[in-house]
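Asks: The structure follows.
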Amino acid sequence: MKLYKLSLALILGIGTMTSCSDKLELTNPNQQTTSTYGNTAEDLEEGVIAAYNHIRMEGTYARVGYNIDVCRGDEVWNSSQVWYMPFDDLNEPITDEIGQWSWRDWYYTINVCNYVLSRVGQDYSAVSDKLKYIAGQVLFLRGLAYYNLVGYYQNPILITDYNQYSSLDGLYAANSELEDENGWAQYDRVLDQVEADFAQAMELLPTKALGGEWSKGRATQGSAAGYYARALMMRHKYSEALTVLKAIIGGQYGQYSLMANYGDNFREGSAFENNDESLFEVQYLDYGTQGTDDEWTPVNTSPNATQGHAIESNFGPGDCGGWADLSASPWLYNLFKAERTTNGSLDPRLYWTIGTYEPEWDGFEYGNVAYTMQLTAETHLVTNNNYGGLPIAKNTNLRTGLYDKVVTGLHCGINLRMMRYSDVLLRAAECENELNGPTQQAFDWINQVRNRAGLANLDQSKFDTKDKLFEQIANVERPKEFGCENGRGLDLIRWGFFYDSGRLQQLKEHGAFNFWTRANYDGGTYSYTPKDPVTYGSCSKSSYDSFVDGHEFLPIYQGTLNDNPNLVGNSANSSTSNAGYFSSKGWTVHPVVK
């Protein structure tokens, strides 16, 4: 200690003698500014990590940002009849601040991405591979942010230049021009940017074959290519999308394949996560390795954050400690039960999607369990004790036996696989069918997914028209493969199901459910169980009964409109039908095929 004090005094003394007339300039590394930060690749790498961090928040994928689209689909209904109600009923009011959380959190992500891109520059040919990879990652994440924003809010603000934030005019940017009727012109502008970001990211990023962190969760060429195809399909660009999807299947953007065990896509741990089927997933810390603080929003930061998600909290049955909010629809359950595998057993995807007792599950995987609760033929485990509902098992530990009850809050460590190779195959089949009708190639891609589940090849004679095969893809193959995952709501919009009376009626049938309590069942008030098929004409409710035109999107929150005088609402703000835009593009809705 004495030696340290003497050295310090000597240094200060020398400084005084040699620079009596100069001011001492000190840069505090803990108080970074735009002039001192972002000048090195190491600085910008921190920005990349910050952007990844933002996509695991409340409004992005940790809970609400993920589940709003789950609710919007026809595979899930609101069993709490409280939380998520307006999203499930598709009548979200403009005064509900929760509907703004995704807007808030995705713009945090965009802000970070724009800053990093402003420092890398636009001439990527003149920078190192490290900087190319940095730019590619934030381009992908910005594209992902706008893909979600346009899918939720229809006409979000488009900001791609970080310098635009330097003035109030830039900060309070507009989301509309004079010709922007109902928000669709802005919708097109934003999707143009989404496509551009993903396309450029495809050129800059490496494949996962580079190894290291590129095979353990960072965005890669395959991630960007998969989402580029998704973005193209939002506006029916089937030919362009099919070219990209074929390239993914051919290994141009990395090697991908279906996991032999479907359940490996919904477990945590390095043995299962970032596997051969995953094109992109949101990274969460495994149970037992997390911190203690629930970090819900980008401003609610903690050095000891759990870094888990709360999807399980929303899905989990009340009797197992969950919040009992969301349940699988009876339609989805009975869709699974309608077709057996080639050896006569149930589709194994049912096990990982819906937490019910089935005799076939004895000896299968972890058996007839809900967490560590043993289920029996007499067990009627429901999500919510007041309203019933079939528990959702997917992206929870209900089937893994990892712990005995839901650890509520941001604690589930299962990575959310946002795009899997099975989606590439089914999208390729859909594009092929749209362009050329039911070809052998389309059936081959579909059958790869079916065969993994043990199902027989499709009988091609039953699908001899484009409409018939589309019906099979949209309302059989995709629901069973991706049931209760994020993305179904986006599909319903791009297919135009909200703009056709036949399709809207079909959604009402799919979304129908009956309230159910064990006490009433035991008392003989009713004889049906939560598993039984539900008839729309006599159901307790259907999620789509209260659908208001334009509310396939979320309204822009009134508080946000009040804060920004240049911002206008969308079709949900005005409750205006979007059927005219859909038809004006020359797009048609496939008729319902029974």
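Each chain in the structure tokens gets a letter, A, B, ..., in the order shown, and its residues are numbered from 1; ligands are numbered from 1 in order too.
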For Asn343 of chain A, find every residue with an atom within 12 Å (counting only C-alpha atoms), except residues of its own chain fewer than 3 positions away, and show them as a list in words.

Replies: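 That gives Glu339, Arg340, Leu346, Asp347, Pro348, Glu360, Asn451, Ala453, Gly454, Leu455 and Ala456 of chain A.
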
Asks: Which residues, written as number ranges by chain, have at least one atom at most 8 Å from Leu242 of chain A, with only C-alpha atoms counted and residues fewer than 5 positions away on the same chain left out?

Replies: A: 229, 428, 431-432

Asks: For Thr376 of chain A, work out the shell of residues within 12 Å, counting only C-alpha atoms and skipping chain neighbours fewer than 2 positions away, then give it as an MDAnalysis selection string.

Replies: chainID A and resid 356:362 367:370 373:374 378:381

Asks: Would you write out those residues with N, CA and C atoms, as a PDB file, in the first residue's frame?

Replies:
```pdb
ATOM      1  N   THR A 356     -52.257 -34.324 -22.277  1.00  0.00           N
ATOM      2  CA  THR A 356     -53.386 -35.156 -21.876  1.00  0.00           C
ATOM      3  C   THR A 356     -52.912 -36.577 -21.583  1.00  0.00           C
ATOM      4  N   TYR A 357     -53.742 -37.303 -20.839  1.00  0.00           N
ATOM      5  CA  TYR A 357     -53.493 -38.729 -20.632  1.00  0.00           C
ATOM      6  C   TYR A 357     -53.965 -39.506 -21.853  1.00  0.00           C
ATOM      7  N   GLU A 358     -53.136 -40.397 -22.337  1.00  0.00           N
ATOM      8  CA  GLU A 358     -53.509 -41.315 -23.416  1.00  0.00           C
ATOM      9  C   GLU A 358     -52.898 -42.670 -23.077  1.00  0.00           C
ATOM     10  N   PRO A 359     -53.622 -43.762 -23.237  1.00  0.00           N
ATOM     11  CA  PRO A 359     -53.062 -45.086 -22.936  1.00  0.00           C
ATOM     12  C   PRO A 359     -51.758 -45.357 -23.682  1.00  0.00           C
ATOM     13  N   GLU A 360     -51.639 -44.816 -24.903  1.00  0.00           N
ATOM     14  CA  GLU A 360     -50.441 -45.062 -25.713  1.00  0.00           C
ATOM     15  C   GLU A 360     -49.184 -44.435 -25.113  1.00  0.00           C
ATOM     16  N   TRP A 361     -49.364 -43.471 -24.194  1.00  0.00           N
ATOM     17  CA  TRP A 361     -48.188 -42.802 -23.657  1.00  0.00           C
ATOM     18  C   TRP A 361     -47.515 -43.587 -22.534  1.00  0.00           C
ATOM     19  N   ASP A 362     -48.117 -44.642 -22.037  1.00  0.00           N
ATOM     20  CA  ASP A 362     -47.436 -45.476 -21.038  1.00  0.00           C
ATOM     21  C   ASP A 362     -46.198 -46.097 -21.681  1.00  0.00           C
ATOM     22  N   GLY A 367     -43.565 -40.854 -20.340  1.00  0.00           N
ATOM     23  CA  GLY A 367     -44.789 -41.482 -19.873  1.00  0.00           C
ATOM     24  C   GLY A 367     -45.932 -40.498 -19.701  1.00  0.00           C
ATOM     25  N   ASN A 368     -46.972 -40.937 -19.027  1.00  0.00           N
ATOM     26  CA  ASN A 368     -48.164 -40.115 -18.780  1.00  0.00           C
ATOM     27  C   ASN A 368     -47.923 -39.200 -17.579  1.00  0.00           C
ATOM     28  N   VAL A 369     -47.229 -38.112 -17.849  1.00  0.00           N
ATOM     29  CA  VAL A 369     -46.899 -37.176 -16.774  1.00  0.00           C
ATOM     30  C   VAL A 369     -47.285 -35.759 -17.162  1.00  0.00           C
ATOM     31  N   ALA A 370     -47.525 -34.965 -16.124  1.00  0.00           N
ATOM     32  CA  ALA A 370     -47.615 -33.518 -16.263  1.00  0.00           C
ATOM     33  C   ALA A 370     -46.674 -32.971 -15.198  1.00  0.00           C
ATOM     34  N   MET A 373     -46.377 -35.107 -12.053  1.00  0.00           N
ATOM     35  CA  MET A 373     -47.675 -35.671 -11.682  1.00  0.00           C
ATOM     36  C   MET A 373     -48.013 -36.823 -12.625  1.00  0.00           C
ATOM     37  N   GLN A 374     -48.316 -37.972 -12.059  1.00  0.00           N
ATOM     38  CA  GLN A 374     -48.711 -39.113 -12.869  1.00  0.00           C
ATOM     39  C   GLN A 374     -50.174 -38.964 -13.278  1.00  0.00           C
ATOM     40  N   GLU A 378     -58.482 -41.646 -15.276  1.00  0.00           N
ATOM     41  CA  GLU A 378     -59.489 -40.860 -14.561  1.00  0.00           C
ATOM     42  C   GLU A 378     -59.088 -39.395 -14.405  1.00  0.00           C
ATOM     43  N   THR A 379     -57.856 -39.082 -14.768  1.00  0.00           N
ATOM     44  CA  THR A 379     -57.379 -37.706 -14.620  1.00  0.00           C
ATOM     45  C   THR A 379     -57.946 -36.826 -15.737  1.00  0.00           C
ATOM     46  N   HIS A 380     -58.533 -35.736 -15.341  1.00  0.00           N
ATOM     47  CA  HIS A 380     -58.931 -34.727 -16.327  1.00  0.00           C
ATOM     48  C   HIS A 380     -58.171 -33.443 -15.981  1.00  0.00           C
ATOM     49  N   LEU A 381     -56.892 -33.462 -16.293  1.00  0.00           N
ATOM     50  CA  LEU A 381     -56.085 -32.286 -16.030  1.00  0.00           C
ATOM     51  C   LEU A 381     -56.495 -31.176 -16.981  1.00  0.00           C
TER      52      LEU A 381
END
```

Asks: Under the rule that only C-alpha atoms are counted, which of A:Leu285, A:Leu279, A:Ile392, A:Ala219 is the nearest residue to Leu410 of chain A?

Replies: A:Leu285

Asks: Tell me which of A:Ala260, A:Leu232, A:Leu326, A:Ala305 sits closest to Tyr387 of chain A, counting only C-alpha atoms.

Replies: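 Using only C-alpha atoms, Tyr387 of chain A sits closest to A:Leu326.
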
Asks: Set the distance at 12 Å and use only C-alpha atoms: which residues neighbour Leu210 of chain A once local chain neighbours fewer than 3 positions away are removed? I'd like the list as number ranges by chain.

Replies: A: 133, 205-207, 213-216, 218-221, 253-255

Asks: Write out, as a compact mmCIF listing (two decimals), in the first residue's frame, the residues just selected, with N, CA and C atoms.

Replies:
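Output below, filename part06.txt:
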```txt
# COMPACT_ATOMS: atom_id res chain seq x y z
N TYR A 133 -19.77 -9.99 -40.62
CA TYR A 133 -20.62 -10.84 -39.78
C TYR A 133 -21.42 -10.00 -38.79
N LEU A 205 -23.55 -13.20 -43.90
CA LEU A 205 -23.37 -14.14 -42.79
C LEU A 205 -22.72 -15.44 -43.24
N PRO A 206 -22.04 -16.12 -42.32
CA PRO A 206 -21.53 -17.45 -42.63
C PRO A 206 -22.62 -18.50 -42.40
N THR A 207 -22.37 -19.73 -42.80
CA THR A 207 -23.26 -20.82 -42.45
C THR A 207 -22.87 -21.33 -41.07
N GLU A 213 -19.73 -20.31 -32.09
CA GLU A 213 -21.02 -19.70 -31.78
C GLU A 213 -21.97 -19.70 -32.99
N TRP A 214 -21.42 -19.89 -34.19
CA TRP A 214 -22.27 -19.93 -35.39
C TRP A 214 -23.09 -21.21 -35.45
N SER A 215 -22.69 -22.20 -34.72
CA SER A 215 -23.49 -23.43 -34.64
C SER A 215 -24.24 -23.52 -33.32
N LYS A 216 -24.17 -22.46 -32.54
CA LYS A 216 -24.77 -22.48 -31.20
C LYS A 216 -25.73 -21.33 -30.96
N ARG A 218 -26.14 -18.15 -33.01
CA ARG A 218 -26.09 -16.88 -33.74
C ARG A 218 -26.83 -17.02 -35.07
N ALA A 219 -27.33 -15.91 -35.57
CA ALA A 219 -27.99 -15.91 -36.88
C ALA A 219 -26.97 -16.27 -37.96
N THR A 220 -27.39 -17.09 -38.88
CA THR A 220 -26.52 -17.56 -39.97
C THR A 220 -27.20 -17.32 -41.32
N GLN A 221 -26.52 -17.74 -42.37
CA GLN A 221 -27.13 -17.66 -43.70
C GLN A 221 -28.46 -18.39 -43.73
N TYR A 253 -27.25 -22.92 -47.96
CA TYR A 253 -27.09 -22.01 -46.82
C TYR A 253 -26.82 -22.75 -45.51
N GLY A 254 -26.29 -23.95 -45.62
CA GLY A 254 -26.02 -24.76 -44.44
C GLY A 254 -26.78 -26.08 -44.52
N GLN A 255 -26.31 -27.05 -43.78
CA GLN A 255 -26.93 -28.37 -43.81
C GLN A 255 -27.98 -28.49 -42.71
```

Asks: How far is it from atom CA of Ala145 of chain A to atom CA of Thr109 of chain A, in Å with one decimal?

Replies: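 These two atoms are separated by 6.9 Å.
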
Asks: Point out the residue among A:Glu195, A:Asp188, A:Asp105, A:Glu552 with the least atom-to-atom distance to Gly226 of chain A, counting only C-alpha atoms.

Replies: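 When distances to Gly226 of chain A are compared using only C-alpha atoms, the smallest one comes from A:Glu195.
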
Asks: I'd like to know which of A:Met234, A:Cys539, A:Met202, A:Leu171 is closest to Gly136 of chain A, using only C-alpha atoms.

Replies: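 Closest candidate: A:Met202.
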
Asks: Hey, which of A:Gly151, A:Gly496, A:Pro533, A:Pro156 ends up closest to Ala338 of chain A? Count only C-alpha atoms.

Replies: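 Of A:Gly151, A:Gly496, A:Pro533, A:Pro156, the one nearest Ala338 of chain A, counting only C-alpha atoms, is A:Pro533.
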